[in-house]
Amino acid sequence: MSHPQFVHVPTADLARSMTTQVTIEAEYGSFVMEGTMYTAAHHQADGPYAGRHLPGLEQTGRPSPCNDKGIPVLTDGVVAVSHIDLDTIGGCLRTVAFHRKNLFDEEIEGFWALAEQIDVTGPHRLDRDHEWADHLLAFWAWLKDNRERYPREYVQDCTEFIYDAGGALNDLLLTDDEEMLQAGREMAEAEDAVNDESLVMLVETPNGRTVAVRQHSGFVNHLYRLPNVPNDEYADGVTGAPHRPVCRGVADAVVAFNSTMKSVTISLADPIEGVNCRDLVQGLWGPEAGGHTGIAGSPRGKEMSESDLIDAVIETAMAISGHISHPGVDHWKELLGQTVSAAVDLA
């Protein structure tokens with residue numbers, strides 16, 4: 001063949017059972033699938049695949065695959081990925097001579113730098129005023145409409161999709177495809193509308209952290225960015241004085257009620273030392289609740305009630321405040337429960 005093959009390897013067990021020439025972010029927790037020629041990985045906490053985004057490793061850590069200039073150009077062989085996102089797509093395209101020449105020119109470096117930044121900090125950290133923000137949103141819109149769904153039981157060829165993505169990026173980055181840019185703007189506007197309408201209340205914890213309480217028919221736990229809203233009726237820290245500050249910036253946590261699934265999900269914008277969302281939900285609803293450190297939800301198939309949502313908000317607020325001890329905390333918790341009850345409508 002005159003170009004490499006790309007394969008999606010969904011699990012560590014499958015990764016351990018095979019060998020490929022190059023791997024692109026084929027990371028499964030602490031296990032990294034290594035390529036015989038090159039391994040592009042950067043999500044490890046330490047060791048040879050620790051990322052340059054980590055404190056102290058800015059000069060020596062590994063870049064995101066989309067910016068990894070060490071990835072070789074291939075004319076054959078196999079490239080393995082563990083998942084599909086812009087960062088892994090960029091790393092894959094670096095192995096293809098045509099795309100490497102066109103898509104990673106110096107004039108486009110700003111786009112890939114932004115892609116790396118968002119890969120390690122989260123999409124809620126996107127500065128909409130960044131010179132490449134519209135292009136990033138445009139590709140996310142394309143990815144939303146075109147992303148393939150691969151099985152988790154076996155390795156699946158994804159070569160055609162990677163080349164389709166390369167074509168889309170060529171149109172977007174080299175010709176400023178207006179149809180793609182408009183699709184990105186429309187997607188952003190639609191998400192802004194959901195961001196605004198799903199926000200029920202903003203809770204300020206005793207130590208100044210914030211919890212966004214949301215209610216929507218779909219998934220909204222990625223909406224940490226707060227819309228600008230007028231002053232009125234939000235709970236104020238320990239004192240409980242009823243007011244709602246103007247919401248700007250990013251919430252530390254989201255507690256969301258999904259009105260379709262009747263479920264509650266807790267998530268963190270960034271890691272907080274000592275806070276584990278899985279522990280929080282299992283403490284509330286038992287071992288059938290589950291998830292990860294940064295996001296976890298109520299037991300599947302079990303309908304959540306208003307009191308469940310209130311409990312989740314209070315426990316999350318207390319956890320991210322470090323379970324602070326203060327004479328007004330019990331009053332604050334009681335008022336918070338009353339405020340959530342008055343604000344939500346789970347009917």
# chains A, B, ... in the order shown; residues from 1 in each chain; ligands from 1
$ select_by_dssp --residues "segment 14-204 of chain A" --states "helix (DSSP H, G or I)" --output "PyMOL selection string"
chain A and resi 14-16+65-67+86-93+97-103+106-121+123-125+133-146+159-175+178-198
$ residues_around --residues "Leu181 of chain A" --least-positions-apart "4" --cutoff "10 Å" --atoms "only C-alpha atoms" --output "list in words"
Asp134, His135, Leu136, Leu137, Ala138, Phe139, Ala141, Trp142, Leu172, Asp176, Asp177, Arg185, Glu186 and Met187 of chain A
$ atom_distance --atom1 "atom CA of Glu25 of chain A" --atom2 "atom CA of Thr39 of chain A"
7.8 Å
$ closest_residue --among "A:Ala113, A:Leu103, A:Ile320, A:Ala269" --to "Arg209 of chain A" --atoms "only C-alpha atoms"
A:Ile320
$ closest_atom_pairs --of "segment 120-228 of chain A" --to "segment 82-102 of chain A" --cutoff "10 Å" --atoms "only C-alpha atoms" --output "JSON lines"
{"residue": "A:Leu136", "atom": "CA", "partner": "A:Leu86", "partner_atom": "CA", "distance": 9.1}
{"residue": "A:Phe139", "atom": "CA", "partner": "A:Leu86", "partner_atom": "CA", "distance": 8.2}
{"residue": "A:Trp140", "atom": "CA", "partner": "A:Leu86", "partner_atom": "CA", "distance": 8.1}
{"residue": "A:Leu143", "atom": "CA", "partner": "A:Asp85", "partner_atom": "CA", "distance": 8.2}
{"residue": "A:Arg147", "atom": "CA", "partner": "A:Ile84", "partner_atom": "CA", "distance": 8.0}
{"residue": "A:Glu148", "atom": "CA", "partner": "A:Ile84", "partner_atom": "CA", "distance": 8.6}
{"residue": "A:Arg149", "atom": "CA", "partner": "A:Ile84", "partner_atom": "CA", "distance": 9.4}
{"residue": "A:Tyr150", "atom": "CA", "partner": "A:His83", "partner_atom": "CA", "distance": 9.0}
{"residue": "A:Val155", "atom": "CA", "partner": "A:Ser82", "partner_atom": "CA", "distance": 9.8}
{"residue": "A:Cys158", "atom": "CA", "partner": "A:Ile84", "partner_atom": "CA", "distance": 9.5}
{"residue": "A:Thr159", "atom": "CA", "partner": "A:Cys92", "partner_atom": "CA", "distance": 9.6}
{"residue": "A:Phe161", "atom": "CA", "partner": "A:Ile89", "partner_atom": "CA", "distance": 9.4}
{"residue": "A:Ile162", "atom": "CA", "partner": "A:Ile89", "partner_atom": "CA", "distance": 6.4}
{"residue": "A:Tyr163", "atom": "CA", "partner": "A:Leu93", "partner_atom": "CA", "distance": 8.0}
{"residue": "A:Ala165", "atom": "CA", "partner": "A:Ile89", "partner_atom": "CA", "distance": 7.4}
{"residue": "A:Gly166", "atom": "CA", "partner": "A:Leu93", "partner_atom": "CA", "distance": 6.8}
{"residue": "A:Gly167", "atom": "CA", "partner": "A:His99", "partner_atom": "CA", "distance": 8.8}
{"residue": "A:Leu169", "atom": "CA", "partner": "A:His99", "partner_atom": "CA", "distance": 9.4}
{"residue": "A:Asn170", "atom": "CA", "partner": "A:Asn102", "partner_atom": "CA", "distance": 7.6}
{"residue": "A:Leu173", "atom": "CA", "partner": "A:Asn102", "partner_atom": "CA", "distance": 9.3}
{"residue": "A:Leu174", "atom": "CA", "partner": "A:Asn102", "partner_atom": "CA", "distance": 8.1}
$ select_by_dssp --residues "segment 136-302 of chain A" --states "strand (DSSP E)" --output "PyMOL selection string"
chain A and resi 156-157+199-204+210-216+253-258+263-268+290-291+295-297
$ write_last_selection --atoms "C-alpha atoms" --output "mmCIF file, in the first residue's frame"
data_model
loop_
_atom_site.group_PDB
_atom_site.id
_atom_site.type_symbol
_atom_site.label_atom_id
_atom_site.label_comp_id
_atom_site.auth_asym_id
_atom_site.auth_seq_id
_atom_site.Cartn_x
_atom_site.Cartn_y
_atom_site.Cartn_z
ATOM 1 C CA GLN A 156 -11.835 -1.808 13.632
ATOM 2 C CA ASP A 157 -10.278 -0.241 10.546
ATOM 3 C CA LEU A 199 -28.805 26.627 34.190
ATOM 4 C CA VAL A 200 -31.153 26.431 37.163
ATOM 5 C CA MET A 201 -28.933 28.060 39.764
ATOM 6 C CA LEU A 202 -25.362 28.802 40.715
ATOM 7 C CA VAL A 203 -24.230 27.802 44.192
ATOM 8 C CA GLU A 204 -21.299 29.524 45.839
ATOM 9 C CA THR A 210 -19.059 27.330 42.470
ATOM 10 C CA VAL A 211 -21.491 24.564 41.517
ATOM 11 C CA ALA A 212 -23.695 25.021 38.450
ATOM 12 C CA VAL A 213 -26.994 23.213 38.934
ATOM 13 C CA ARG A 214 -28.505 22.255 35.583
ATOM 14 C CA GLN A 215 -31.654 20.576 34.307
ATOM 15 C CA HIS A 216 -32.142 19.489 30.695
ATOM 16 C CA ALA A 253 -18.554 21.596 39.194
ATOM 17 C CA VAL A 254 -21.831 20.755 37.489
ATOM 18 C CA VAL A 255 -24.677 18.807 39.082
ATOM 19 C CA ALA A 256 -27.239 18.014 36.398
ATOM 20 C CA PHE A 257 -30.662 16.404 36.337
ATOM 21 C CA ASN A 258 -31.434 14.695 33.031
ATOM 22 C CA SER A 263 -30.796 10.678 36.332
ATOM 23 C CA VAL A 264 -28.334 12.886 38.214
ATOM 24 C CA THR A 265 -24.719 13.375 37.110
ATOM 25 C CA ILE A 266 -21.902 15.136 38.981
ATOM 26 C CA SER A 267 -18.781 16.396 37.197
ATOM 27 C CA LEU A 268 -15.731 18.582 37.786
ATOM 28 C CA GLY A 290 -20.639 4.726 39.127
ATOM 29 C CA GLY A 291 -18.292 6.655 36.916
ATOM 30 C CA ILE A 295 -17.640 12.530 36.333
ATOM 31 C CA ALA A 296 -20.104 10.031 37.781
ATOM 32 C CA GLY A 297 -23.827 9.434 37.901
#
$ closest_residue --among "A:Met33, A:Ile314, A:Met261, A:Ala41" --to "Ser64 of chain A" --atoms "only C-alpha atoms"
A:Ala41
$ residues_around --residues "His53 of chain A" --least-positions-apart "5" --cutoff "12 Å" --atoms "only C-alpha atoms" --output "PyMOL selection string"
chain A and resi 42-46+58-64+113+116-121
$ write_last_selection --atoms "N, CA and C atoms" --output "PDB file, in the first residue's frame"
ATOM      1  N   HIS A  42       0.896  11.355  25.541  1.00  0.00           N
ATOM      2  CA  HIS A  42       1.241  12.487  26.416  1.00  0.00           C
ATOM      3  C   HIS A  42       0.331  12.615  27.633  1.00  0.00           C
ATOM      4  N   HIS A  43      -0.453  11.583  27.939  1.00  0.00           N
ATOM      5  CA  HIS A  43      -1.391  11.699  29.050  1.00  0.00           C
ATOM      6  C   HIS A  43      -0.952  10.970  30.313  1.00  0.00           C
ATOM      7  N   GLN A  44       0.309  10.544  30.384  1.00  0.00           N
ATOM      8  CA  GLN A  44       0.791   9.878  31.581  1.00  0.00           C
ATOM      9  C   GLN A  44       1.260  10.900  32.624  1.00  0.00           C
ATOM     10  N   ALA A  45       1.143  10.530  33.883  1.00  0.00           N
ATOM     11  CA  ALA A  45       1.517  11.447  34.962  1.00  0.00           C
ATOM     12  C   ALA A  45       3.028  11.589  35.103  1.00  0.00           C
ATOM     13  N   ASP A  46       3.770  10.558  34.697  1.00  0.00           N
ATOM     14  CA  ASP A  46       5.222  10.601  34.774  1.00  0.00           C
ATOM     15  C   ASP A  46       5.795   9.616  33.759  1.00  0.00           C
ATOM     16  N   GLU A  58       7.276  21.549  31.040  1.00  0.00           N
ATOM     17  CA  GLU A  58       6.975  22.381  29.874  1.00  0.00           C
ATOM     18  C   GLU A  58       8.021  22.227  28.769  1.00  0.00           C
ATOM     19  N   GLN A  59       9.279  22.015  29.133  1.00  0.00           N
ATOM     20  CA  GLN A  59      10.352  21.925  28.144  1.00  0.00           C
ATOM     21  C   GLN A  59      10.722  20.493  27.787  1.00  0.00           C
ATOM     22  N   THR A  60      10.392  19.545  28.657  1.00  0.00           N
ATOM     23  CA  THR A  60      10.852  18.166  28.450  1.00  0.00           C
ATOM     24  C   THR A  60       9.723  17.161  28.229  1.00  0.00           C
ATOM     25  N   GLY A  61       8.488  17.543  28.515  1.00  0.00           N
ATOM     26  CA  GLY A  61       7.368  16.621  28.364  1.00  0.00           C
ATOM     27  C   GLY A  61       6.978  16.425  26.908  1.00  0.00           C
ATOM     28  N   ARG A  62       6.107  15.461  26.694  1.00  0.00           N
ATOM     29  CA  ARG A  62       5.677  15.127  25.336  1.00  0.00           C
ATOM     30  C   ARG A  62       4.553  16.050  24.874  1.00  0.00           C
ATOM     31  N   PRO A  63       4.572  16.434  23.592  1.00  0.00           N
ATOM     32  CA  PRO A  63       3.494  17.249  23.038  1.00  0.00           C
ATOM     33  C   PRO A  63       2.280  16.384  22.707  1.00  0.00           C
ATOM     34  N   SER A  64       1.168  17.036  22.440  1.00  0.00           N
ATOM     35  CA  SER A  64       0.025  16.326  21.880  1.00  0.00           C
ATOM     36  C   SER A  64       0.424  15.748  20.529  1.00  0.00           C
ATOM     37  N   ALA A 113      -1.858  24.482  17.994  1.00  0.00           N
ATOM     38  CA  ALA A 113      -1.525  24.865  19.366  1.00  0.00           C
ATOM     39  C   ALA A 113      -2.795  24.988  20.198  1.00  0.00           C
ATOM     40  N   GLU A 116      -4.140  21.521  21.010  1.00  0.00           N
ATOM     41  CA  GLU A 116      -3.425  20.898  22.135  1.00  0.00           C
ATOM     42  C   GLU A 116      -3.875  21.494  23.458  1.00  0.00           C
ATOM     43  N   GLN A 117      -4.015  22.798  23.498  1.00  0.00           N
ATOM     44  CA  GLN A 117      -4.454  23.447  24.733  1.00  0.00           C
ATOM     45  C   GLN A 117      -5.809  22.912  25.186  1.00  0.00           C
ATOM     46  N   ILE A 118      -6.741  22.799  24.270  1.00  0.00           N
ATOM     47  CA  ILE A 118      -8.084  22.324  24.617  1.00  0.00           C
ATOM     48  C   ILE A 118      -8.073  20.841  24.942  1.00  0.00           C
ATOM     49  N   ASP A 119      -7.182  20.077  24.316  1.00  0.00           N
ATOM     50  CA  ASP A 119      -7.085  18.650  24.603  1.00  0.00           C
ATOM     51  C   ASP A 119      -6.723  18.404  26.056  1.00  0.00           C
ATOM     52  N   VAL A 120      -5.883  19.255  26.635  1.00  0.00           N
ATOM     53  CA  VAL A 120      -5.421  19.018  28.009  1.00  0.00           C
ATOM     54  C   VAL A 120      -6.182  19.829  29.050  1.00  0.00           C
ATOM     55  N   THR A 121      -6.955  20.829  28.618  1.00  0.00           N
ATOM     56  CA  THR A 121      -7.692  21.638  29.594  1.00  0.00           C
ATOM     57  C   THR A 121      -9.199  21.477  29.494  1.00  0.00           C
TER      58      THR A 121
END
$ atom_distance --atom1 "atom CA of Gly184 of chain A" --atom2 "atom CA of Val250 of chain A"
21.4 Å
